[in-house]
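Enquirer: I'd like to ask some things about the structure below.
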Amino acid sequence: MAGIKALRKIQIGKETTAGTKVPADIVWRGVGSIHDNMDLVFPTEDIGMLVPAGRSYIARYEAGLTLDEVEATFEQLPHLFEMGIESVTPTGTTSFTYTYVMPFASTDLVASTDLATYTVEAGDNVAEEEFAFGFARSIQLTGSAGQAVMMSAEIVGRQVEPGTFTTGIALQTVEEILFSKGKLYIDNVKAFPATTQISNQLLGMSLSINTGWLPVYTADGALYFSFIKQTTPEVTLQITFEHDTTAVAEKAAWRAQTPRIIRIKFDGSDGKSLAIDIAGKWESFDVLGEQDGNDIVSGTFRGTYNATVGGMFQTAITNTLSALP
């Protein structure tokens, strides 16, 4: 039988030891595709032939998984932060909160063993491909009023290999994070979180996280990367406002380069929530825009360390899961 689009799936499982494959236990409720990033080289040579002789070699292996934009859920979004910021133990008794804090100093660095790596399985009814040591290079959250918050990510792994799907995994029950259930707070610098609500202003947002995690290749007897390490992470938040006194005030803070803290919090049912806290400065503001005859303005906020805050970025997700499967 030929492959059928409707029978594609992505399954993931958190590894006990980084790079050692485990059976998947989560069906990713979204779309995406594995790509094989092995470095195949055809050497240039002068051998008296008009056409290539077919000499080639593989210099290195690398795997990738593009998780395309899909509705963010309180249950599955934590996996992206586990793969890109740090693996955490939730707190709570009936509702459980997973808090992810971006490291900001040498004494706060997350060891690679503190980051969760995942085994990834993907394919269709014809063939499955898989890789180990999956971690998130980048994570994005976007949203606009009247829609769901959307999540996407770029995952890097060691080597794509053929395999077989782990069977018998039940679909996880999930709840979408709705943008219109969100609230925006902006304050002068203090300890997280910002508490001054900016009502009826938030029209859209785009959060981009470059995690700073990258693969390191060494001469150690294998063609895939030896380990991963974290370099400088980058966090930017683009916000679209109504053009009114709030936007004017934030543009003034931009021109004065005044540090600010921002919180965006989305609530769901049964105590579920997603809170995003970021400290930094406004980097830029776009020219005055328009949406259905309504004047709007968009600004880009760059996360930077602030000693008063004691950090730069953190996010907390509350759901009803005592552990991530």
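Ligands are numbered from 1 in the order shown, residues from 1 within each chain, and chains are lettered A, B, ... in the order they appear in the structure tokens.
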Applying 6 Å and only C-alpha atoms, which residues near Ser152 of chain A remain after dropping the ones on its own chain fewer than 6 positions away? List them as a VMD selection string.

Expert: chain A and resid 67 to 69 139 to 140

Enquirer: With only C-alpha atoms as the counted atoms, please give the residues lying no more than 8 Å from Met83 of chain A, apart from itself and same-chain residues fewer than 3 positions off, as JSON, numbers by chain.

Expert: {"A": [79, 80, 86, 87, 115, 116, 117, 118, 134, 135, 136]}

Enquirer: Near Ala127 of chain A, counting only C-alpha atoms, which residues have an atom at most 9 Å away, once you skip same-chain residues fewer than 3 positions from it, shown as a short mmCIF file (atom, residue, chain, number, x, y, z; two decimals) with N, CA, C and O atoms, in the first residue's frame?

Expert:
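result24.cif was written with the following content:
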data_model
loop_
_atom_site.label_atom_id
_atom_site.label_comp_id
_atom_site.auth_asym_id
_atom_site.auth_seq_id
_atom_site.Cartn_x
_atom_site.Cartn_y
_atom_site.Cartn_z
N GLY A 3 1.78 5.31 0.69
CA GLY A 3 1.60 6.14 1.87
C GLY A 3 0.37 7.02 1.79
O GLY A 3 -0.01 7.49 0.71
N ALA A 122 8.63 9.24 13.51
CA ALA A 122 7.73 9.91 12.57
C ALA A 122 7.67 9.13 11.27
O ALA A 122 8.61 8.43 10.89
N GLY A 123 6.55 9.25 10.59
CA GLY A 123 6.38 8.57 9.31
C GLY A 123 4.91 8.39 8.99
O GLY A 123 4.05 9.14 9.48
N ASP A 124 4.62 7.37 8.18
CA ASP A 124 3.23 7.10 7.79
C ASP A 124 2.99 5.60 7.83
O ASP A 124 3.70 4.86 8.51
N PRO A 162 15.89 4.12 10.03
CA PRO A 162 14.59 3.46 9.89
C PRO A 162 14.27 2.66 11.14
O PRO A 162 15.17 2.15 11.83
N GLY A 163 12.98 2.55 11.45
CA GLY A 163 12.57 1.79 12.62
C GLY A 163 11.11 1.42 12.53
O GLY A 163 10.53 1.38 11.43
N THR A 164 10.50 1.19 13.65
CA THR A 164 9.06 0.88 13.71
C THR A 164 8.42 1.70 14.81
O THR A 164 9.05 1.99 15.84
N PHE A 165 7.19 2.08 14.59
CA PHE A 165 6.47 2.88 15.58
C PHE A 165 6.23 2.09 16.86
O PHE A 165 5.93 0.89 16.82
#

Enquirer: Taking the DSSP assignment computed from this structure's backbone, write out as a list in words all residues of segment 40-234 of chain A that belong to alpha helix (DSSP H).

Expert: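 Taking segment 40-234 of chain A and keeping alpha helix (DSSP H) gives Leu77, Pro78, His79, Leu80, Phe81, Glu82, Met83 and Gly84 of chain A.
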
Enquirer: Once you have the residues from the selection above, write them out as a CSV table (one decimal), in the first residue's frame, restricted to all heavy atoms.

Expert:
chain,number,residue,atom,x,y,z
A,77,LEU,N,2.6,21.6,25.4
A,77,LEU,CA,3.6,22.7,25.3
A,77,LEU,C,4.7,22.5,26.2
A,77,LEU,O,5.9,22.8,25.9
A,77,LEU,CB,2.9,24.1,25.6
A,77,LEU,CG,3.8,25.3,25.6
A,77,LEU,CD1,4.6,25.5,24.3
A,77,LEU,CD2,3.0,26.6,25.9
A,78,PRO,N,4.5,21.9,27.5
A,78,PRO,CA,5.7,21.7,28.3
A,78,PRO,C,6.8,20.9,27.7
A,78,PRO,O,8.0,21.1,28.1
A,78,PRO,CB,5.1,21.0,29.6
A,78,PRO,CG,3.7,21.5,29.6
A,78,PRO,CD,3.3,21.6,28.1
A,79,HIS,N,6.5,20.0,26.8
A,79,HIS,CA,7.5,19.2,26.2
A,79,HIS,C,8.5,20.0,25.5
A,79,HIS,O,9.7,19.7,25.5
A,79,HIS,CB,6.9,18.1,25.3
A,79,HIS,CG,6.1,17.1,26.0
A,79,HIS,ND1,6.7,16.1,26.7
A,79,HIS,CD2,4.8,16.8,26.0
A,79,HIS,CE1,5.8,15.3,27.2
A,79,HIS,NE2,4.6,15.7,26.8
A,80,LEU,N,8.1,21.1,24.8
A,80,LEU,CA,9.0,21.9,24.1
A,80,LEU,C,10.0,22.6,25.1
A,80,LEU,O,11.2,22.8,24.8
A,80,LEU,CB,8.2,23.0,23.3
A,80,LEU,CG,7.3,22.4,22.2
A,80,LEU,CD1,6.7,23.6,21.4
A,80,LEU,CD2,8.0,21.4,21.3
A,81,PHE,N,9.5,23.1,26.2
A,81,PHE,CA,10.3,23.8,27.2
A,81,PHE,C,11.2,22.7,27.9
A,81,PHE,O,12.4,23.1,28.2
A,81,PHE,CB,9.5,24.5,28.2
A,81,PHE,CG,8.7,25.7,27.6
A,81,PHE,CD1,7.4,25.8,27.8
A,81,PHE,CD2,9.4,26.6,26.8
A,81,PHE,CE1,6.7,26.9,27.2
A,81,PHE,CE2,8.7,27.7,26.2
A,81,PHE,CZ,7.3,27.8,26.4
A,82,GLU,N,10.8,21.5,28.0
A,82,GLU,CA,11.6,20.5,28.6
A,82,GLU,C,12.8,20.2,27.7
A,82,GLU,O,14.0,20.0,28.1
A,82,GLU,CB,10.9,19.1,28.7
A,82,GLU,CG,9.8,19.1,29.8
A,82,GLU,CD,10.3,18.8,31.2
A,82,GLU,OE1,11.1,17.9,31.3
A,82,GLU,OE2,9.9,19.5,32.1
A,83,MET,N,12.6,20.3,26.4
A,83,MET,CA,13.6,20.1,25.4
A,83,MET,C,14.5,21.3,25.1
A,83,MET,O,15.6,21.2,24.5
A,83,MET,CB,13.0,19.7,24.0
A,83,MET,CG,12.5,18.2,23.9
A,83,MET,SD,12.0,17.8,22.2
A,83,MET,CE,10.3,18.2,22.3
A,84,GLY,N,14.1,22.5,25.5
A,84,GLY,CA,14.8,23.7,25.1
A,84,GLY,C,15.3,24.6,26.3
A,84,GLY,O,16.2,25.4,26.1

Enquirer: Using only C-alpha atoms, which of the listed residues (A:Glu128, A:Lys251, A:Gly30, A:Glu62) sits closest to Met150 of chain A?

Expert: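 Result for the nearest residue to Met150 of chain A: A:Gly30.
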
Enquirer: Using only C-alpha atoms, determine which residues lie at most 8 Å from segment 279-296 of chain A, disregarding the query and same-chain residues fewer than 2 positions distant; provide the list as a PyMOL selection string.

Expert: chain A and resi 189+240-243+250-251+253-254+257-262+277+298-306+309+311-313

Enquirer: Using only C-alpha atoms for the distances, tell me which of A:Gln172, A:Gln201, A:Asn37, A:Ser56 is nearest to Pro325 of chain A.

Expert: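 For Pro325 of chain A, the nearest of the candidates is A:Gln172.
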
Enquirer: Of the residues A:Pro233, A:Gly271, A:Pro23, A:Gly310, which is the one nearest to Glu130 of chain A, using only C-alpha atoms?

Expert: A:Pro23

Enquirer: How many Å separate atom CA of Ser199 of chain A from atom CA of Gln314 of chain A?

Expert: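 Rounded to one decimal, the two atoms are 22.4 Å apart.
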
Enquirer: Hey, can you check how far atom CA of Gly54 of chain A sits from atom CA of Phe131 of chain A?

Expert: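 For atom CA of Gly54 of chain A relative to atom CA of Phe131 of chain A, the distance reads 28.1 Å.
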